[in-house]
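One file, run17.txt, is given below (compact mmCIF, C-alpha atoms).
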# COMPACT_ATOMS: atom_id res chain seq x y z
CA MET X 1 109.03 241.10 187.14
CA ALA X 2 112.29 239.15 187.16
CA GLU X 3 112.70 239.77 183.43
CA LYS X 4 112.31 243.52 183.91
CA LYS X 5 114.91 243.51 186.67
CA ALA X 6 117.30 241.52 184.50
CA GLU X 7 116.70 243.88 181.58
CA ARG X 8 117.28 246.91 183.81
CA LYS X 9 120.48 245.36 185.16
CA MET X 10 121.73 244.63 181.65
CA THR X 11 120.92 248.18 180.59
CA PHE X 12 122.78 249.58 183.59
CA THR X 13 125.75 247.32 182.87
CA LYS X 14 125.71 248.40 179.24
CA HIS X 15 125.79 252.06 180.28
CA LEU X 16 128.73 251.40 182.57
CA ASP X 17 130.57 249.62 179.78
CA GLU X 18 129.86 252.52 177.43
CA LEU X 19 131.11 254.97 180.04
CA ARG X 20 134.28 252.95 180.48
CA LYS X 21 134.94 252.97 176.73
CA ARG X 22 134.40 256.72 176.51
CA LEU X 23 136.72 257.35 179.46
CA VAL X 24 139.42 255.08 178.00
CA VAL X 25 139.27 256.89 174.65
CA SER X 26 139.43 260.28 176.39
CA LEU X 27 142.36 259.22 178.56
CA VAL X 28 144.32 257.82 175.60
CA VAL X 29 143.77 261.00 173.59
CA VAL X 30 144.89 263.19 176.51
CA LEU X 31 148.00 261.04 176.97
CA LEU X 32 148.88 261.31 173.26
CA THR X 33 148.35 265.08 173.09
CA THR X 34 150.31 265.51 176.34
CA LEU X 35 153.18 263.43 174.97
CA PHE X 36 153.15 265.46 171.76
CA SER X 37 153.11 268.72 173.73
CA TYR X 38 156.00 267.61 175.94
CA PHE X 39 158.42 267.66 173.01
CA TYR X 40 157.40 271.25 172.24
CA ALA X 41 157.02 272.36 175.86
CA LEU X 42 159.82 274.95 175.75
CA GLN X 43 158.42 276.57 172.60
CA ILE X 44 154.95 276.62 174.17
CA LEU X 45 156.43 278.13 177.33
CA ASP X 46 158.00 280.92 175.27
CA VAL X 47 154.52 281.82 174.05
CA LEU X 48 152.91 281.52 177.48
CA ALA X 49 155.56 283.79 179.01
CA ARG X 50 154.68 286.75 176.77
CA PRO X 51 151.90 288.18 178.99
CA ALA X 52 154.41 288.48 181.86
CA GLY X 53 156.43 291.02 179.89
CA ASP X 54 160.08 291.31 180.94
CA ILE X 55 159.69 289.12 184.03
CA LYS X 56 162.31 286.36 184.13
CA LEU X 57 161.17 282.90 185.19
CA HIS X 58 163.35 281.01 187.67
CA TYR X 59 163.59 277.49 189.05
CA LEU X 60 164.61 276.56 192.57
CA SER X 61 165.43 272.86 192.34
CA PRO X 62 167.01 270.50 189.80
CA LEU X 63 163.66 268.77 189.23
CA GLU X 64 161.65 271.92 188.60
CA PRO X 65 162.49 272.33 184.88
CA MET X 66 161.23 268.79 184.19
CA VAL X 67 158.11 269.39 186.31
CA ALA X 68 157.54 272.68 184.49
CA ARG X 69 157.75 270.99 181.08
CA LEU X 70 155.33 268.32 182.27
CA LYS X 71 152.87 270.96 183.49
CA VAL X 72 153.04 272.76 180.15
CA ALA X 73 152.48 269.47 178.35
CA ILE X 74 149.46 268.56 180.50
CA PHE X 75 147.72 271.92 180.12
CA SER X 76 148.46 271.98 176.40
CA GLY X 77 147.43 268.35 176.03
CA VAL X 78 144.06 268.92 177.69
CA GLY X 79 143.48 271.97 175.49
CA LEU X 80 144.31 270.05 172.31
CA ALA X 81 142.17 267.12 173.40
CA PHE X 82 139.16 269.28 174.27
CA PRO X 83 137.30 268.58 170.97
CA VAL X 84 137.57 264.83 171.51
CA LEU X 85 136.66 265.09 175.20
CA PHE X 86 133.54 267.08 174.40
CA TYR X 87 132.59 264.74 171.56
CA GLU X 88 132.93 261.68 173.82
CA PHE X 89 130.68 263.36 176.37
CA LEU X 90 128.03 264.09 173.74
CA ALA X 91 128.27 260.57 172.33
CA PHE X 92 127.71 259.14 175.81
CA VAL X 93 124.61 261.19 176.63
CA SER X 94 123.03 261.13 173.15
CA PRO X 95 121.36 257.66 173.44
CA ALA X 96 119.30 258.98 176.36
CA LEU X 97 117.88 261.83 174.28
CA ARG X 98 114.97 261.96 171.88
CA ARG X 99 115.48 262.67 168.18
CA LYS X 100 114.37 266.29 168.41
CA GLU X 101 116.77 266.82 171.32
CA LYS X 102 119.74 265.24 169.54
CA LYS X 103 119.65 267.87 166.81
CA TYR X 104 121.11 270.41 169.26
CA LEU X 105 124.08 268.30 170.37
CA TYR X 106 126.44 268.07 167.42
CA PRO X 107 125.99 271.68 166.29
CA GLY X 108 126.70 272.37 169.96
CA LEU X 109 130.09 270.66 169.56
CA PHE X 110 131.05 273.12 166.82
CA PHE X 111 130.04 276.14 168.87
CA ALA X 112 131.69 274.69 171.99
CA LEU X 113 135.04 274.58 170.19
CA ILE X 114 134.65 278.15 168.93
CA LEU X 115 133.67 279.44 172.37
CA PHE X 116 136.49 277.60 174.14
CA ALA X 117 139.10 278.85 171.67
CA SER X 118 137.69 282.38 171.87
CA GLY X 119 137.84 282.34 175.67
CA VAL X 120 141.44 281.12 175.76
CA THR X 121 142.52 283.63 173.11
CA LEU X 122 140.79 286.59 174.75
CA GLY X 123 142.15 285.61 178.15
CA PHE X 124 145.68 285.24 176.84
CA LEU X 125 145.78 288.46 174.81
CA TYR X 126 143.95 290.83 177.14
CA ILE X 127 142.88 289.50 180.54
CA VAL X 128 146.10 287.77 181.67
CA PRO X 129 148.31 290.81 180.87
CA LEU X 130 145.82 293.03 182.73
CA GLY X 131 145.92 290.70 185.72
CA PHE X 132 149.73 290.59 185.76
CA ASN X 133 149.99 294.38 185.57
CA TRP X 134 147.64 294.73 188.54
CA LEU X 135 149.32 292.00 190.61
CA PHE X 136 152.86 293.20 189.96
CA GLY X 137 151.73 296.77 190.55
CA GLN X 138 150.88 295.88 194.14
CA ALA X 139 154.60 295.49 194.83
CA GLY X 140 155.37 299.13 194.11
CA GLU X 141 159.03 299.99 193.50
CA ARG X 142 160.48 298.40 196.64
CA LEU X 143 159.82 294.76 195.80
CA VAL X 144 161.45 292.79 193.00
CA PRO X 145 159.53 289.79 191.65
CA THR X 146 161.10 286.34 191.64
CA VAL X 147 158.60 284.15 189.82
CA THR X 148 159.30 280.43 189.55
CA VAL X 149 158.47 278.75 186.27
CA SER X 150 156.31 276.14 188.00
CA GLN X 151 154.19 278.79 189.76
CA TYR X 152 153.81 280.75 186.55
CA ILE X 153 152.66 277.76 184.51
CA SER X 154 150.12 276.78 187.16
CA PHE X 155 148.76 280.32 187.28
CA ILE X 156 148.40 280.91 183.55
CA GLY X 157 147.38 277.32 182.79
CA TRP X 158 144.48 277.22 185.25
CA PHE X 159 143.45 280.76 184.35
CA LEU X 160 143.26 280.09 180.60
CA LEU X 161 141.47 276.79 181.15
CA ALA X 162 138.94 278.51 183.44
CA PHE X 163 138.46 281.34 180.96
CA GLY X 164 137.94 278.92 178.08
CA LEU X 165 135.34 276.97 180.07
CA ALA X 166 133.67 280.20 181.21
CA PHE X 167 132.95 281.00 177.58
CA GLU X 168 130.86 277.82 177.35
CA THR X 169 128.24 279.46 179.60
CA PRO X 170 125.80 280.58 176.86
CA LEU X 171 125.95 277.19 175.16
CA VAL X 172 125.32 275.34 178.43
CA ILE X 173 122.36 277.60 179.27
CA PHE X 174 120.94 277.24 175.75
CA LEU X 175 121.20 273.43 175.78
CA LEU X 176 119.76 273.10 179.29
CA ILE X 177 116.70 275.09 178.23
CA LYS X 178 116.23 273.40 174.86
CA LEU X 179 116.64 269.91 176.34
CA GLY X 180 114.00 270.69 178.94
CA VAL X 181 116.30 270.35 181.94
CA VAL X 182 115.32 273.80 183.19
CA LYS X 183 112.86 276.46 182.06
CA ARG X 184 113.99 279.85 180.82
CA GLU X 185 111.47 281.59 183.06
CA THR X 186 112.93 279.85 186.11
CA LEU X 187 116.46 281.04 185.31
CA ARG X 188 115.13 284.53 184.65
CA LYS X 189 113.31 284.70 187.99
CA GLN X 190 116.17 283.16 189.98
CA TRP X 191 118.87 285.38 188.46
CA ARG X 192 120.20 286.46 191.88
CA TYR X 193 121.01 282.89 192.86
CA VAL X 194 122.58 282.23 189.47
CA TYR X 195 124.76 285.33 189.78
CA VAL X 196 125.96 284.20 193.21
CA ILE X 197 126.80 280.75 191.82
CA ILE X 198 128.73 282.33 188.93
CA LEU X 199 130.69 284.57 191.29
CA PHE X 200 131.50 281.59 193.51
CA ALA X 201 132.58 279.52 190.50
CA ALA X 202 134.80 282.38 189.30
CA ALA X 203 136.41 282.62 192.75
CA VAL X 204 137.14 278.88 192.80
CA ALA X 205 138.46 278.87 189.24
CA THR X 206 140.78 281.85 189.73
CA PRO X 207 144.26 280.63 190.71
CA ASP X 208 145.36 283.73 192.64
CA TRP X 209 142.00 284.80 194.17
CA SER X 210 142.73 288.44 193.39
CA PRO X 211 139.62 290.61 192.85
CA VAL X 212 140.79 291.66 189.38
CA SER X 213 141.27 288.06 188.23
CA MET X 214 137.99 286.92 189.78
CA MET X 215 136.02 289.69 188.10
CA ALA X 216 137.86 289.05 184.84
CA VAL X 217 136.39 285.53 184.89
CA ALA X 218 133.01 286.37 186.46
CA LEU X 219 132.07 289.34 184.27
CA PRO X 220 132.23 287.44 180.93
CA MET X 221 130.30 284.55 182.54
CA LEU X 222 127.55 286.92 183.67
CA ILE X 223 127.34 288.54 180.23
CA LEU X 224 127.41 285.19 178.46
CA TYR X 225 124.74 283.86 180.82
CA GLU X 226 122.42 286.64 179.68
CA VAL X 227 123.39 285.93 176.06
CA GLY X 228 122.44 282.28 176.55
CA LEU X 229 119.00 283.27 177.89
CA LEU X 230 118.51 285.66 174.98
CA LEU X 231 119.43 283.03 172.38
CA SER X 232 117.09 280.47 173.92
CA ARG X 233 114.24 282.95 173.52
CA PHE X 234 114.63 283.41 169.77
CA PHE X 235 115.97 280.02 168.62
Kindly transcribe the structure held in the file into structure tokens.
Amino acid sequence: MAEKKAERKMTFTKHLDELRKRLVVSLVVVLLTTLFSYFYALQILDVLARPAGDIKLHYLSPLEPMVARLKVAIFSGVGLAFPVLFYEFLAFVSPALRRKEKKYLYPGLFFALILFASGVTLGFLYIVPLGFNWLFGQAGERLVPTVTVSQYISFIGWFLLAFGLAFETPLVIFLLIKLGVVKRETLRKQWRYVYVIILFAAAVATPDWSPVSMMAVALPMLILYEVGLLLSRFF
């Protein structure tokens, strides 16, 4: 009995050590990609400002330009580090899986990268401009926008990150079903609860809480949720 407890304790300690290593690697990679992005922050900002059209970005304090560059670097750094972050997550959970379950993980990494990039690209090219047009349209002709660079970066950064993660929905559903975490029939029967959870998640992830932005995030998640269920049925 004592040997089993000691073995369990060693196993738990080993898992904690493995988790620490994975977190350290992830943190170092994020720091490196953030540092790299900081030197190109102004060029990245020029690209991020395109969806706003002719709107000029302002700053209100001497520190704000530096803070704005740091925000750009952090968002860009996390985006660049996403492949490594996802890989480290898969590498951490893979020892707990059986051989037939592991075969889904690393192909999942490939599709996760494609889905994340697709979500960010679609959000940047189509959804963000639509959201800005609607939001600025609420001002009519009497109000003139004064958008600070820090507010703008926070808005577009969180929105693109949320949209990229939203596109992971079908992959998450597919893996949960194939790994036996949840049954497809259960998700199909409880679709109302799932829809409510998706709508709530979209509301939390949307930086401005406007109905257009929330639906722009929620609608693809709902569609991709159904796609995930469909894929799990045939594959």
Query raised in the report: Using all atoms listed in the file, which residue out of X:Leu90, X:Val147, X:Leu161, X:Leu230 lies closest to Phe174 (chain X)?
Result: X:Leu230
Could the residues of region 136-234 of chain X that have an atom at most 10 Å from region 68-81 of chain X be listed as CSV, each with its closest atom pair and the distance in Å to one decimal, counting all atoms listed in the file and ordered by chain and ascending residue number?
residue,atom,partner,partner_atom,distance
X:Thr148,CA,X:Ala68,CA,9.4
X:Val149,CA,X:Ala68,CA,6.4
X:Ser150,CA,X:Ala68,CA,5.1
X:Gln151,CA,X:Ala68,CA,8.7
X:Tyr152,CA,X:Ala68,CA,9.1
X:Ile153,CA,X:Val72,CA,6.6
X:Ser154,CA,X:Lys71,CA,7.4
X:Ile156,CA,X:Phe75,CA,9.6
X:Gly157,CA,X:Phe75,CA,6.0
X:Trp158,CA,X:Phe75,CA,8.1
X:Leu160,CA,X:Phe75,CA,9.3
X:Leu161,CA,X:Gly79,CA,7.7
X:Gly164,CA,X:Gly79,CA,9.3
Can you build me a table of region 34-87 of chain X residues sitting at most 10 Å from region 135-146 of chain X, with the closest atom pair per residue and its distance in Å to one decimal, using only C-alpha atoms, sorted by chain and residue number, as JSON lines?
{"residue": "X:Ala52", "atom": "CA", "partner": "X:Phe136", "partner_atom": "CA", "distance": 9.5}
{"residue": "X:Ile55", "atom": "CA", "partner": "X:Pro145", "partner_atom": "CA", "distance": 7.7}
{"residue": "X:Lys56", "atom": "CA", "partner": "X:Thr146", "partner_atom": "CA", "distance": 7.6}
{"residue": "X:Leu57", "atom": "CA", "partner": "X:Thr146", "partner_atom": "CA", "distance": 7.3}
{"residue": "X:His58", "atom": "CA", "partner": "X:Thr146", "partner_atom": "CA", "distance": 7.0}
{"residue": "X:Tyr59", "atom": "CA", "partner": "X:Thr146", "partner_atom": "CA", "distance": 9.6}
Report summary line: Of X:Val67, X:Leu199, X:Val227, X:Leu109, the one nearest to Ala91 (chain X) when counting all atoms listed in the file is X:Leu109
Report task. Have a look at X:Phe116, X:Tyr40, X:Phe159, X:Phe89 and name the one nearest to Arg20 (chain X); count all atoms listed in the file. Result -> X:Phe89
Query - Atomic separation - CA of Leu115 (chain X) relative to CA of Val30 (chain X), Å - result: 20.2 Å
Requested in this report: Enter the distance from CA of Tyr126 (chain X) to CA of Val84 (chain X), in Å, rounded to one decimal.
Outcome: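 A separation of 27.4 Å between them.
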**Report entry** Straight-line distance linking CA of Val120 (chain X) with CA of Ala201 (chain X), stated in Å to one decimal
**Finding:**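 Taking CA of Val120 (chain X) as the start and CA of Ala201 (chain X) as the end point, the length is 17.3 Å.
Using only C-alpha atoms for every distance, the candidate list X:Val93, X:Leu125, X:Leu42, X:Leu222 yields X:Leu222 as the residue closest to Tyr195 (chain X).
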Report task. Select, from X:Pro211, X:Glu88, X:Phe111, X:Tyr38, the residue with the minimum atom-to-atom distance to Lys21 (chain X), counting all atoms listed in the file. Result ->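 Looking at the shortest contact to Lys21 (chain X), the residue is X:Glu88.
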Query raised in the report: Which residue, X:Leu35, X:Leu179, X:Val24, X:Ile127, has the smallest gap to Ala96 (chain X) when you use all atoms listed in the file?
Result: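 Closest candidate: X:Leu179.
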Requested in this report: Within 9 Å of Gly53 (chain X), counting only C-alpha atoms, which residues show up once you throw out same-chain ones fewer than 3 positions away? Write them as an MDAnalysis selection string, please.
Outcome: chainID X and resid 49:50 56 129 132
Query - Exercise: Glu168 (chain X) partners within 10 Å, only C-alpha atoms, chain neighbours under 6 positions left out, as number ranges by chain - result: X: 111-116, 118-119, 221, 224-225, 228
Atom completion result for region 74-93 of chain X (N, CA and C atoms) as a PDB file, in the frame of the given file:
ATOM      1  N   ILE X  74     150.785 268.976 180.043  1.00  0.00           N
ATOM      2  CA  ILE X  74     149.460 268.560 180.500  1.00  0.00           C
ATOM      3  C   ILE X  74     148.404 269.595 180.146  1.00  0.00           C
ATOM      4  N   PHE X  75     148.684 270.868 180.447  1.00  0.00           N
ATOM      5  CA  PHE X  75     147.720 271.920 180.120  1.00  0.00           C
ATOM      6  C   PHE X  75     147.494 271.990 178.607  1.00  0.00           C
ATOM      7  N   SER X  76     148.585 271.941 177.854  1.00  0.00           N
ATOM      8  CA  SER X  76     148.460 271.980 176.400  1.00  0.00           C
ATOM      9  C   SER X  76     147.751 270.739 175.880  1.00  0.00           C
ATOM     10  N   GLY X  77     148.061 269.586 176.467  1.00  0.00           N
ATOM     11  CA  GLY X  77     147.430 268.350 176.030  1.00  0.00           C
ATOM     12  C   GLY X  77     145.932 268.347 176.252  1.00  0.00           C
ATOM     13  N   VAL X  78     145.498 268.840 177.406  1.00  0.00           N
ATOM     14  CA  VAL X  78     144.060 268.920 177.690  1.00  0.00           C
ATOM     15  C   VAL X  78     143.380 269.890 176.717  1.00  0.00           C
ATOM     16  N   GLY X  79     144.039 271.008 176.437  1.00  0.00           N
ATOM     17  CA  GLY X  79     143.480 271.970 175.490  1.00  0.00           C
ATOM     18  C   GLY X  79     143.338 271.383 174.093  1.00  0.00           C
ATOM     19  N   LEU X  80     144.364 270.670 173.637  1.00  0.00           N
ATOM     20  CA  LEU X  80     144.310 270.050 172.310  1.00  0.00           C
ATOM     21  C   LEU X  80     143.279 268.929 172.250  1.00  0.00           C
ATOM     22  N   ALA X  81     143.103 268.247 173.364  1.00  0.00           N
ATOM     23  CA  ALA X  81     142.170 267.120 173.400  1.00  0.00           C
ATOM     24  C   ALA X  81     140.730 267.545 173.646  1.00  0.00           C
ATOM     25  N   PHE X  82     140.500 268.816 173.911  1.00  0.00           N
ATOM     26  CA  PHE X  82     139.160 269.280 174.270  1.00  0.00           C
ATOM     27  C   PHE X  82     138.094 268.887 173.244  1.00  0.00           C
ATOM     28  N   PRO X  83     138.336 269.000 171.927  1.00  0.00           N
ATOM     29  CA  PRO X  83     137.300 268.580 170.970  1.00  0.00           C
ATOM     30  C   PRO X  83     136.895 267.117 171.130  1.00  0.00           C
ATOM     31  N   VAL X  84     137.873 266.250 171.333  1.00  0.00           N
ATOM     32  CA  VAL X  84     137.570 264.830 171.510  1.00  0.00           C
ATOM     33  C   VAL X  84     136.846 264.580 172.828  1.00  0.00           C
ATOM     34  N   LEU X  85     137.294 265.255 173.898  1.00  0.00           N
ATOM     35  CA  LEU X  85     136.660 265.090 175.200  1.00  0.00           C
ATOM     36  C   LEU X  85     135.186 265.494 175.151  1.00  0.00           C
ATOM     37  N   PHE X  86     134.912 266.611 174.499  1.00  0.00           N
ATOM     38  CA  PHE X  86     133.540 267.080 174.400  1.00  0.00           C
ATOM     39  C   PHE X  86     132.703 266.158 173.524  1.00  0.00           C
ATOM     40  N   TYR X  87     133.305 265.665 172.439  1.00  0.00           N
ATOM     41  CA  TYR X  87     132.590 264.740 171.560  1.00  0.00           C
ATOM     42  C   TYR X  87     132.234 263.446 172.299  1.00  0.00           C
ATOM     43  N   GLU X  88     133.189 262.905 173.070  1.00  0.00           N
ATOM     44  CA  GLU X  88     132.930 261.680 173.820  1.00  0.00           C
ATOM     45  C   GLU X  88     131.813 261.883 174.840  1.00  0.00           C
ATOM     46  N   PHE X  89     131.753 263.053 175.436  1.00  0.00           N
ATOM     47  CA  PHE X  89     130.680 263.360 176.370  1.00  0.00           C
ATOM     48  C   PHE X  89     129.325 263.372 175.654  1.00  0.00           C
ATOM     49  N   LEU X  90     129.280 264.038 174.492  1.00  0.00           N
ATOM     50  CA  LEU X  90     128.030 264.090 173.740  1.00  0.00           C
ATOM     51  C   LEU X  90     127.610 262.705 173.260  1.00  0.00           C
ATOM     52  N   ALA X  91     128.579 261.913 172.814  1.00  0.00           N
ATOM     53  CA  ALA X  91     128.270 260.570 172.330  1.00  0.00           C
ATOM     54  C   ALA X  91     127.736 259.683 173.459  1.00  0.00           C
ATOM     55  N   PHE X  92     128.185 259.941 174.682  1.00  0.00           N
ATOM     56  CA  PHE X  92     127.710 259.140 175.810  1.00  0.00           C
ATOM     57  C   PHE X  92     126.279 259.483 176.195  1.00  0.00           C
ATOM     58  N   VAL X  93     125.939 260.779 176.172  1.00  0.00           N
ATOM     59  CA  VAL X  93     124.610 261.190 176.630  1.00  0.00           C
ATOM     60  C   VAL X  93     123.557 261.114 175.509  1.00  0.00           C
TER      61      VAL X  93
END
